[in-house]
file coords36.cif (mmCIF, C-alpha atoms)
data_entry
loop_
_atom_site.group_PDB
_atom_site.id
_atom_site.type_symbol
_atom_site.label_atom_id
_atom_site.label_comp_id
_atom_site.auth_asym_id
_atom_site.auth_seq_id
_atom_site.Cartn_x
_atom_site.Cartn_y
_atom_site.Cartn_z
ATOM 1 C CA MET A 1256 17.773 32.105 -38.751
ATOM 2 C CA ASN A 1257 19.574 35.447 -38.287
ATOM 3 C CA LYS A 1258 16.868 36.573 -35.835
ATOM 4 C CA ILE A 1259 17.361 33.439 -33.719
ATOM 5 C CA PHE A 1260 21.133 33.931 -33.724
ATOM 6 C CA SER A 1261 20.712 37.589 -32.761
ATOM 7 C CA PHE A 1262 18.348 36.650 -29.910
ATOM 8 C CA LEU A 1263 20.806 34.056 -28.554
ATOM 9 C CA LEU A 1264 23.703 36.491 -28.800
ATOM 10 C CA LEU A 1265 21.695 39.161 -26.972
ATOM 11 C CA SER A 1266 20.799 36.650 -24.226
ATOM 12 C CA ILE A 1267 24.457 35.720 -23.755
ATOM 13 C CA VAL A 1268 25.448 39.380 -23.523
ATOM 14 C CA LEU A 1269 22.719 40.116 -20.983
ATOM 15 C CA VAL A 1270 23.702 37.162 -18.824
ATOM 16 C CA SER A 1271 27.390 38.035 -19.018
ATOM 17 C CA CYS A 1272 26.561 41.567 -17.904
ATOM 18 C CA SER A 1273 24.278 40.525 -15.062
ATOM 19 C CA PRO A 1274 25.018 41.832 -11.543
ATOM 20 C CA TYR A 1275 25.899 38.296 -10.505
ATOM 21 C CA GLN A 1276 28.518 37.926 -13.259
ATOM 22 C CA LYS A 1277 29.898 41.371 -12.482
ATOM 23 C CA ALA A 1278 30.131 40.477 -8.786
ATOM 24 C CA LEU A 1279 32.011 37.276 -9.584
ATOM 25 C CA LYS A 1280 34.620 39.234 -11.517
ATOM 26 C CA SER A 1281 34.776 42.167 -9.107
ATOM 27 C CA ASP A 1282 37.558 42.672 -6.558
ATOM 28 C CA ASP A 1283 35.214 44.607 -4.275
ATOM 29 C CA VAL A 1284 34.068 42.357 -1.413
ATOM 30 C CA GLU A 1285 31.229 44.750 -0.541
ATOM 31 C CA ILE A 1286 29.741 44.294 -4.025
ATOM 32 C CA LYS A 1287 30.194 40.522 -3.811
ATOM 33 C CA ALA A 1288 28.510 40.397 -0.391
ATOM 34 C CA ALA A 1289 25.598 42.595 -1.469
ATOM 35 C CA VAL A 1290 24.906 40.483 -4.570
ATOM 36 C CA ALA A 1291 25.357 37.264 -2.571
ATOM 37 C CA ASN A 1292 22.735 38.447 -0.070
ATOM 38 C CA ARG A 1293 20.419 39.322 -2.947
ATOM 39 C CA MET A 1294 20.886 35.837 -4.455
ATOM 40 C CA TYR A 1295 20.182 34.308 -1.036
ATOM 41 C CA GLU A 1296 16.958 36.310 -0.626
ATOM 42 C CA ARG A 1297 15.824 35.061 -4.045
ATOM 43 C CA ASN A 1298 16.547 31.439 -2.990
ATOM 44 C CA LYS A 1299 19.348 31.184 -5.551
ATOM 45 C CA TYR A 1300 21.514 29.441 -3.005
ATOM 46 C CA ALA A 1301 24.132 27.941 -5.329
ATOM 47 C CA LYS A 1302 24.988 31.356 -6.743
ATOM 48 C CA ALA A 1303 24.957 32.910 -3.278
ATOM 49 C CA ILE A 1304 27.317 30.228 -1.967
ATOM 50 C CA ARG A 1305 29.772 30.803 -4.793
ATOM 51 C CA LEU A 1306 29.988 34.492 -3.891
ATOM 52 C CA TYR A 1307 30.071 33.867 -0.130
ATOM 53 C CA GLU A 1308 33.026 31.530 -0.644
ATOM 54 C CA GLN A 1309 34.900 34.380 -2.328
ATOM 55 C CA VAL A 1310 33.929 36.884 0.366
ATOM 56 C CA ALA A 1311 34.396 34.797 3.527
ATOM 57 C CA PRO A 1312 38.217 34.901 3.924
ATOM 58 C CA ALA A 1313 38.339 38.715 3.818
ATOM 59 C CA TYR A 1314 34.987 39.571 5.360
ATOM 60 C CA LYS A 1315 35.426 38.609 9.022
ATOM 61 C CA GLY A 1316 35.308 41.590 11.349
ATOM 62 C CA LYS A 1317 33.388 43.855 8.994
ATOM 63 C CA PRO A 1318 30.247 45.550 10.385
ATOM 64 C CA THR A 1319 27.926 43.598 8.077
ATOM 65 C CA SER A 1320 29.753 40.279 8.386
ATOM 66 C CA GLU A 1321 27.166 38.733 10.760
ATOM 67 C CA ILE A 1322 24.371 38.582 8.188
ATOM 68 C CA VAL A 1323 26.829 37.394 5.526
ATOM 69 C CA PHE A 1324 28.024 34.417 7.565
ATOM 70 C CA TYR A 1325 24.511 33.575 8.759
ATOM 71 C CA ASN A 1326 23.194 33.584 5.179
ATOM 72 C CA TYR A 1327 26.219 31.589 4.016
ATOM 73 C CA SER A 1328 25.552 28.923 6.666
ATOM 74 C CA LYS A 1329 21.840 28.845 5.873
ATOM 75 C CA ALA A 1330 22.474 28.601 2.109
ATOM 76 C CA LEU A 1331 24.686 25.556 2.702
ATOM 77 C CA TYR A 1332 21.984 24.092 4.944
ATOM 78 C CA ASN A 1333 19.252 24.712 2.359
ATOM 79 C CA THR A 1334 21.320 22.921 -0.303
ATOM 80 C CA LYS A 1335 21.835 19.964 2.075
ATOM 81 C CA GLN A 1336 25.579 20.455 2.387
ATOM 82 C CA TYR A 1337 25.341 19.446 6.024
ATOM 83 C CA TYR A 1338 29.028 18.916 6.824
ATOM 84 C CA LEU A 1339 29.911 22.414 5.647
ATOM 85 C CA ALA A 1340 26.746 23.959 7.080
ATOM 86 C CA GLY A 1341 27.351 22.415 10.505
ATOM 87 C CA TYR A 1342 30.910 23.743 10.522
ATOM 88 C CA GLN A 1343 29.780 27.243 9.490
ATOM 89 C CA PHE A 1344 26.923 27.367 12.017
ATOM 90 C CA GLU A 1345 29.278 26.349 14.821
ATOM 91 C CA ASN A 1346 31.747 29.067 13.772
ATOM 92 C CA PHE A 1347 28.905 31.579 13.647
ATOM 93 C CA ALA A 1348 27.774 30.729 17.192
ATOM 94 C CA VAL A 1349 31.337 31.184 18.484
ATOM 95 C CA SER A 1350 32.106 34.313 16.441
ATOM 96 C CA TYR A 1351 28.875 36.159 17.254
ATOM 97 C CA PRO A 1352 28.012 35.349 20.888
ATOM 98 C CA ARG A 1353 25.649 38.322 21.175
ATOM 99 C CA SER A 1354 23.780 37.666 17.938
ATOM 100 C CA ASP A 1355 20.030 37.162 18.180
ATOM 101 C CA LYS A 1356 20.563 34.286 15.727
ATOM 102 C CA ARG A 1357 23.099 32.467 17.897
ATOM 103 C CA GLU A 1358 20.562 30.080 19.445
ATOM 104 C CA GLU A 1359 19.134 29.167 16.049
ATOM 105 C CA ALA A 1360 22.628 28.707 14.606
ATOM 106 C CA SER A 1361 23.586 26.451 17.525
ATOM 107 C CA TYR A 1362 20.502 24.311 16.998
ATOM 108 C CA LEU A 1363 20.973 24.105 13.241
ATOM 109 C CA ALA A 1364 24.617 23.112 13.727
ATOM 110 C CA ALA A 1365 23.473 20.182 15.883
ATOM 111 C CA GLU A 1366 20.684 19.375 13.427
ATOM 112 C CA CYS A 1367 23.218 19.161 10.587
ATOM 113 C CA PHE A 1368 25.016 16.369 12.437
ATOM 114 C CA TYR A 1369 21.648 14.728 13.133
ATOM 115 C CA LYS A 1370 20.909 14.732 9.403
ATOM 116 C CA LEU A 1371 24.316 13.147 8.730
ATOM 117 C CA SER A 1372 23.578 10.215 11.031
ATOM 118 C CA PRO A 1373 23.395 7.076 8.841
ATOM 119 C CA VAL A 1374 20.877 4.239 8.933
ATOM 120 C CA TYR A 1375 21.274 1.956 11.953
ATOM 121 C CA SER A 1376 22.891 -0.852 9.944
ATOM 122 C CA LEU A 1377 25.964 1.293 9.180
ATOM 123 C CA ASP A 1378 28.748 2.502 11.452
ATOM 124 C CA GLN A 1379 27.263 4.759 14.130
ATOM 125 C CA THR A 1380 30.223 7.082 14.778
ATOM 126 C CA ASP A 1381 28.342 10.029 13.240
ATOM 127 C CA THR A 1382 25.256 9.130 15.267
ATOM 128 C CA GLN A 1383 27.217 9.443 18.511
ATOM 129 C CA LYS A 1384 28.678 12.744 17.301
ATOM 130 C CA ALA A 1385 25.179 14.019 16.506
ATOM 131 C CA LEU A 1386 23.931 12.877 19.906
ATOM 132 C CA ASP A 1387 26.762 14.714 21.667
ATOM 133 C CA LYS A 1388 26.107 17.901 19.678
ATOM 134 C CA MET A 1389 22.355 17.808 20.266
ATOM 135 C CA GLN A 1390 22.749 17.085 23.984
ATOM 136 C CA LYS A 1391 25.204 19.971 24.307
ATOM 137 C CA PHE A 1392 22.635 22.275 22.694
ATOM 138 C CA ILE A 1393 19.937 21.106 25.148
ATOM 139 C CA ASP A 1394 22.302 21.686 28.083
ATOM 140 C CA ASN A 1395 23.218 25.184 26.850
ATOM 141 C CA TYR A 1396 19.652 26.218 25.953
ATOM 142 C CA PRO A 1397 17.271 24.404 28.370
ATOM 143 C CA ASP A 1398 14.479 26.899 27.614
ATOM 144 C CA SER A 1399 15.024 27.037 23.872
ATOM 145 C CA GLN A 1400 12.176 27.325 21.395
ATOM 146 C CA TYR A 1401 13.885 24.418 19.615
ATOM 147 C CA LEU A 1402 13.861 22.178 22.703
ATOM 148 C CA ALA A 1403 11.021 19.921 21.506
ATOM 149 C CA GLN A 1404 12.723 19.283 18.155
ATOM 150 C CA ALA A 1405 16.071 18.714 19.885
ATOM 151 C CA ASN A 1406 14.581 16.179 22.299
ATOM 152 C CA GLU A 1407 12.916 14.347 19.432
ATOM 153 C CA CYS A 1408 16.247 14.190 17.586
ATOM 154 C CA VAL A 1409 17.942 12.801 20.703
ATOM 155 C CA LYS A 1410 15.213 10.176 21.036
ATOM 156 C CA GLU A 1411 15.620 9.069 17.406
ATOM 157 C CA LEU A 1412 19.407 8.974 17.643
ATOM 158 C CA ARG A 1413 19.333 6.884 20.813
ATOM 159 C CA GLU A 1414 16.828 4.470 19.308
ATOM 160 C CA LYS A 1415 19.106 4.099 16.297
ATOM 161 C CA GLN A 1416 22.038 3.293 18.574
ATOM 162 C CA GLU A 1417 19.909 0.791 20.489
ATOM 163 C CA LYS A 1418 18.788 -0.921 17.309
ATOM 164 C CA LYS A 1419 22.385 -1.183 16.100
ATOM 165 C CA ALA A 1420 23.507 -2.614 19.444
ATOM 166 C CA PHE A 1421 20.593 -5.059 19.490
ATOM 167 C CA GLU A 1422 21.277 -6.260 15.953
ATOM 168 C CA ILE A 1423 24.892 -6.934 16.922
ATOM 169 C CA ALA A 1424 23.816 -8.935 19.999
ATOM 170 C CA LYS A 1425 21.203 -10.749 17.924
ATOM 171 C CA GLN A 1426 23.866 -11.612 15.355
ATOM 172 C CA TYR A 1427 25.900 -13.293 18.082
ATOM 173 C CA HIS A 1428 22.860 -15.452 18.808
ATOM 174 C CA THR A 1429 22.456 -16.330 15.115
ATOM 175 C CA ILE A 1430 26.131 -17.182 14.702
ATOM 176 C CA ALA A 1431 26.026 -19.314 17.843
ATOM 177 C CA GLY A 1432 23.597 -21.641 16.089
ATOM 178 C CA TYR A 1433 26.296 -22.515 13.569
ATOM 179 C CA ARG A 1434 29.370 -22.456 15.796
ATOM 180 C CA LEU A 1435 27.801 -23.520 19.109
ATOM 181 C CA GLU A 1436 29.278 -20.395 20.741
ATOM 182 C CA TYR A 1437 26.288 -19.726 22.973
ATOM 183 C CA ASN A 1438 28.405 -18.354 25.801
ATOM 184 C CA ALA A 1439 29.478 -15.441 23.567
ATOM 185 C CA ALA A 1440 25.829 -14.816 22.634
ATOM 186 C CA LEU A 1441 24.858 -14.785 26.321
ATOM 187 C CA LYS A 1442 27.529 -12.203 27.115
ATOM 188 C CA ALA A 1443 26.478 -10.007 24.184
ATOM 189 C CA LEU A 1444 22.794 -10.156 25.176
ATOM 190 C CA ASP A 1445 23.554 -9.535 28.861
ATOM 191 C CA ASN A 1446 25.641 -6.490 27.926
ATOM 192 C CA PHE A 1447 22.875 -5.146 25.694
ATOM 193 C CA ILE A 1448 20.212 -5.531 28.403
ATOM 194 C CA ALA A 1449 22.494 -3.862 30.970
ATOM 195 C CA ASP A 1450 23.419 -0.973 28.652
ATOM 196 C CA TYR A 1451 19.853 -0.293 27.479
ATOM 197 C CA PRO A 1452 17.477 -1.199 30.361
ATOM 198 C CA GLY A 1453 14.564 0.752 28.884
ATOM 199 C CA THR A 1454 14.970 -0.424 25.299
ATOM 200 C CA PRO A 1455 11.932 -1.453 23.239
ATOM 201 C CA PHE A 1456 13.965 -4.520 22.208
ATOM 202 C CA LYS A 1457 14.225 -5.838 25.764
ATOM 203 C CA GLU A 1458 11.476 -8.445 25.387
ATOM 204 C CA GLU A 1459 13.138 -10.073 22.383
ATOM 205 C CA ALA A 1460 16.584 -9.771 23.984
ATOM 206 C CA LEU A 1461 15.323 -11.611 27.080
ATOM 207 C CA PHE A 1462 13.848 -14.380 24.944
ATOM 208 C CA LEU A 1463 17.069 -14.738 22.954
ATOM 209 C CA LYS A 1464 18.992 -14.866 26.234
ATOM 210 C CA PHE A 1465 16.701 -17.649 27.437
ATOM 211 C CA ASP A 1466 17.086 -19.561 24.179
ATOM 212 C CA ALA A 1467 20.876 -19.132 24.221
ATOM 213 C CA SER A 1468 20.974 -20.347 27.847
ATOM 214 C CA TYR A 1469 18.960 -23.415 26.881
ATOM 215 C CA GLN A 1470 21.141 -24.191 23.854
ATOM 216 C CA PHE A 1471 24.279 -23.621 25.925
ATOM 217 C CA ALA A 1472 23.081 -26.164 28.508
ATOM 218 C CA LYS A 1473 21.901 -28.641 25.880
ATOM 219 C CA ASN A 1474 25.298 -28.647 24.147
ATOM 220 C CA SER A 1475 27.316 -28.869 27.367
ATOM 221 C CA ILE A 1476 29.037 -31.927 28.809
ATOM 222 C CA ASP A 1477 26.832 -33.980 31.138
ATOM 223 C CA ALA A 1478 28.649 -32.788 34.249
ATOM 224 C CA LYS A 1479 27.563 -29.183 33.612
ATOM 225 C CA LYS A 1480 24.101 -29.677 32.120
ATOM 226 C CA ALA A 1481 22.055 -29.594 35.333
ATOM 227 C CA GLU A 1482 23.599 -26.330 36.495
ATOM 228 C CA ARG A 1483 23.207 -24.699 33.101
ATOM 229 C CA TYR A 1484 19.606 -25.872 32.656
ATOM 230 C CA ALA A 1485 18.868 -24.261 36.023
ATOM 231 C CA THR A 1486 20.425 -21.032 34.717
ATOM 232 C CA ALA A 1487 18.226 -21.265 31.607
ATOM 233 C CA LYS A 1488 15.198 -21.702 33.845
ATOM 234 C CA SER A 1489 16.118 -18.461 35.621
ATOM 235 C CA ALA A 1490 16.328 -16.746 32.231
ATOM 236 C CA TYR A 1491 12.807 -17.967 31.441
ATOM 237 C CA ASN A 1492 11.546 -16.562 34.752
ATOM 238 C CA GLY A 1493 13.212 -13.230 33.892
ATOM 239 C CA LEU A 1494 11.343 -13.081 30.581
ATOM 240 C CA ILE A 1495 7.972 -13.938 32.131
ATOM 241 C CA LYS A 1496 8.491 -11.502 35.002
ATOM 242 C CA PHE A 1497 9.245 -8.733 32.515
ATOM 243 C CA LYS A 1498 6.248 -9.538 30.321
ATOM 244 C CA PRO A 1499 3.864 -12.327 31.447
ATOM 245 C CA ASN A 1500 1.964 -12.276 28.124
ATOM 246 C CA THR A 1501 5.077 -12.107 25.958
ATOM 247 C CA LYS A 1502 4.679 -12.833 22.262
ATOM 248 C CA PHE A 1503 7.382 -15.473 22.678
ATOM 249 C CA LYS A 1504 5.462 -17.379 25.387
ATOM 250 C CA GLU A 1505 4.474 -20.357 23.226
ATOM 251 C CA GLN A 1506 8.050 -20.905 22.065
ATOM 252 C CA ALA A 1507 9.428 -20.276 25.541
ATOM 253 C CA ASP A 1508 6.979 -22.730 27.154
ATOM 254 C CA LYS A 1509 8.008 -25.487 24.731
ATOM 255 C CA ILE A 1510 11.654 -24.948 25.583
ATOM 256 C CA MET A 1511 10.800 -24.813 29.280
ATOM 257 C CA ALA A 1512 8.986 -28.169 29.053
ATOM 258 C CA ASP A 1513 12.137 -29.717 27.574
ATOM 259 C CA ILE A 1514 14.264 -28.178 30.349
ATOM 260 C CA ASP A 1515 11.978 -29.612 33.046
ATOM 261 C CA GLN A 1516 12.184 -33.014 31.395
ATOM 262 C CA GLU A 1517 15.970 -32.846 31.299
ATOM 263 C CA LEU A 1518 16.176 -31.733 34.947
ATOM 264 C CA LYS A 1519 13.998 -34.701 36.000
ATOM 265 C CA GLN A 1520 16.572 -37.055 34.483
ATOM 266 C CA PHE A 1521 19.368 -35.419 36.448
ATOM 267 C CA SER A 1522 17.364 -35.555 39.678
ATOM 268 C CA LYS A 1523 17.184 -39.303 39.290
#

call {"tool": "encode", "arguments": {"input": "coords36.cif", "output": "structure tokens"}}
result
Amino acid sequence: MNKIFSFLLLSIVLVSCSPYQKALKSDDVEIKAAVANRMYERNKYAKAIRLYEQVAPAYKGKPTSEIVFYNYSKALYNTKQYYLAGYQFENFAVSYPRSDKREEASYLAAECFYKLSPVYSLDQTDTQKALDKMQKFIDNYPDSQYLAQANECVKELREKQEKKAFEIAKQYHTIAGYRLEYNAALKALDNFIADYPGTPFKEEALFLKFDASYQFAKNSIDAKKAERYATAKSAYNGLIKFKPNTKFKEQADKIMADIDQELKQFSK
């Protein structure tokens, strides 16, 4: 029992006397920075960060400050503290314009915001921020070695925005079925198609627009039905022109048959 106690006591003493513990208690920023860099090189990022946080306020302007602030930013990035890492990388890029790590820091700053972008179903404010940051990087470094990754991030962020916008427009269509507010659904779908002309959701958006046009006409007063059925027919033609073999063709043709039948009655 005494041997176990002695072993534990010795372990505690050794830990308390470790260079890391000494650096934490030291007032010498050079010692703190040196030990922090050593912790970083050993992938002990949490310990490195703790020391970098103590060093940072007093270390700007020192000859070895560049590597300190780069490692600090990278340690935050490696521990997935993306808000703080993005902020530190941006500061690094501004503070060290001649650094050979400036391009990488600029990309990683943008990538931090990309990683903070939420799933499409949530508010997309951070997605737009990430898109702006990534596009700025592409504009500043058109020949960057990170260009392929940056373009892929932009593509994913834009698709996320498109999906969010489409789901909102689609929701208008769903709600219209309960409230008979098809005009609002038509406006939402028209805006989506205009804002995202190359979207992969265009086919479904065009079908929903056609269906909303049909329902809008069907639930109108008799005096306006003929005109609105004709508008729905134009929406059908827009869908078929965009994609003749659309997956919605069977449904669309059934609706179109009903529209033609209704228009025959008005022609009489």

call {"tool": "residues_around", "arguments": {"input": "coords36.cif", "residues": "Ala1431 (chain A)", "least_positions_apart": "5", "cutoff": "12 Å", "atoms": "only C-alpha atoms", "output": "list in words"}}
result
Ala1424, Lys1425, Gln1426, Glu1436, Tyr1437, Asn1438, Ala1439, Ala1440, Leu1441, Lys1442, Ala1443, Leu1463, Lys1464, Asp1466, Ala1467, Ser1468, Gln1470, Phe1471 and Asn1474 of chain A

call {"tool": "resolve_selection", "arguments": {"input": "coords36.cif", "expression": "the PyMOL selection byres ((chain A and resi 1351) around 12)", "output": "ChimeraX atom specification"}}
result
/A:1315-1316,1318-1325,1343-1350,1352-1358,1360-1361

call {"tool": "atom_distance", "arguments": {"input": "coords36.cif", "atom1": "CA of Tyr1332 (chain A)", "atom2": "CA of Ala1364 (chain A)"}}
result
9.2 Å

call {"tool": "atom_distance", "arguments": {"input": "coords36.cif", "atom1": "CA of Ile1495 (chain A)", "atom2": "CA of Ile1514 (chain A)"}}
result
15.7 Å

call {"tool": "residues_near_point", "arguments": {"input": "coords36.cif", "point": "(23.0, 35.0, -2.7)", "cutoff": "12 Å", "atoms": "all atoms listed in the file", "output": "JSON, numbers by chain"}}
result
{"A": [1274, 1275, 1278, 1279, 1286, 1287, 1288, 1289, 1290, 1291, 1292, 1293, 1294, 1295, 1296, 1297, 1298, 1299, 1300, 1301, 1302, 1303, 1304, 1305, 1306, 1307, 1308, 1309, 1310, 1322, 1323, 1324, 1325, 1326, 1327, 1328, 1329, 1330, 1331]}

call {"tool": "write_last_selection", "arguments": {"input": "coords36.cif", "atoms": "C-alpha atoms", "output": "compact mmCIF listing (two decimals), in the coordinates of the input"}}
result
# COMPACT_ATOMS: atom_id res chain seq x y z
CA PRO A 1274 25.02 41.83 -11.54
CA TYR A 1275 25.90 38.30 -10.50
CA ALA A 1278 30.13 40.48 -8.79
CA LEU A 1279 32.01 37.28 -9.58
CA ILE A 1286 29.74 44.29 -4.03
CA LYS A 1287 30.19 40.52 -3.81
CA ALA A 1288 28.51 40.40 -0.39
CA ALA A 1289 25.60 42.60 -1.47
CA VAL A 1290 24.91 40.48 -4.57
CA ALA A 1291 25.36 37.26 -2.57
CA ASN A 1292 22.74 38.45 -0.07
CA ARG A 1293 20.42 39.32 -2.95
CA MET A 1294 20.89 35.84 -4.46
CA TYR A 1295 20.18 34.31 -1.04
CA GLU A 1296 16.96 36.31 -0.63
CA ARG A 1297 15.82 35.06 -4.04
CA ASN A 1298 16.55 31.44 -2.99
CA LYS A 1299 19.35 31.18 -5.55
CA TYR A 1300 21.51 29.44 -3.00
CA ALA A 1301 24.13 27.94 -5.33
CA LYS A 1302 24.99 31.36 -6.74
CA ALA A 1303 24.96 32.91 -3.28
CA ILE A 1304 27.32 30.23 -1.97
CA ARG A 1305 29.77 30.80 -4.79
CA LEU A 1306 29.99 34.49 -3.89
CA TYR A 1307 30.07 33.87 -0.13
CA GLU A 1308 33.03 31.53 -0.64
CA GLN A 1309 34.90 34.38 -2.33
CA VAL A 1310 33.93 36.88 0.37
CA ILE A 1322 24.37 38.58 8.19
CA VAL A 1323 26.83 37.39 5.53
CA PHE A 1324 28.02 34.42 7.56
CA TYR A 1325 24.51 33.58 8.76
CA ASN A 1326 23.19 33.58 5.18
CA TYR A 1327 26.22 31.59 4.02
CA SER A 1328 25.55 28.92 6.67
CA LYS A 1329 21.84 28.84 5.87
CA ALA A 1330 22.47 28.60 2.11
CA LEU A 1331 24.69 25.56 2.70

call {"tool": "atom_distance", "arguments": {"input": "coords36.cif", "atom1": "CA of Leu1339 (chain A)", "atom2": "CA of Ala1420 (chain A)"}}
result
29.3 Å

call {"tool": "axis_aligned_box", "arguments": {"input": "coords36.cif", "around": "region 1321-1339 of chain A", "padding_each_side": "5 Å", "output": "lines of an AutoDock Vina configuration file"}}
result
center_x = 24.6
center_y = 28.8
center_z = 5.2
size_x = 20.7
size_y = 29.8
size_z = 21.1

call {"tool": "closest_residue", "arguments": {"input": "coords36.cif", "among": "A:Tyr1484, A:Gly1493, A:Tyr1369, A:Asp1398", "to": "Leu1386 (chain A)", "atoms": "all atoms listed in the file"}}
result
A:Tyr1369

call {"tool": "closest_residue", "arguments": {"input": "coords36.cif", "among": "A:Asp1282, A:Glu1422, A:Asp1477, A:Glu1417", "to": "Tyr1451 (chain A)", "atoms": "only C-alpha atoms"}}
result
A:Glu1417

call {"tool": "residues_around", "arguments": {"input": "coords36.cif", "residues": "Arg1483 (chain A)", "least_positions_apart": "3", "cutoff": "8 Å", "atoms": "all atoms listed in the file", "output": "number ranges by chain"}}
result
A: 1468-1469, 1471-1472, 1479-1480, 1486-1487

call {"tool": "resolve_selection", "arguments": {"input": "coords36.cif", "expression": "the PyMOL selection byres ((chain A and resi 1409) around 9)", "output": "list in words"}}
result
Tyr1369, Ala1385, Leu1386, Met1389, Gln1390, Gln1404, Ala1405, Asn1406, Glu1407, Cys1408, Lys1410, Glu1411, Leu1412, Arg1413 and Glu1414 of chain A

call {"tool": "closest_residue", "arguments": {"input": "coords36.cif", "among": "A:Ala1490, A:Lys1498, A:Lys1370, A:Ala1449", "to": "Ile1510 (chain A)", "atoms": "all atoms listed in the file"}}
result
A:Ala1490

call {"tool": "closest_residue", "arguments": {"input": "coords36.cif", "among": "A:Glu1359, A:Glu1482, A:Asp1513, A:Asp1445", "to": "Gln1400 (chain A)", "atoms": "only C-alpha atoms"}}
result
A:Glu1359
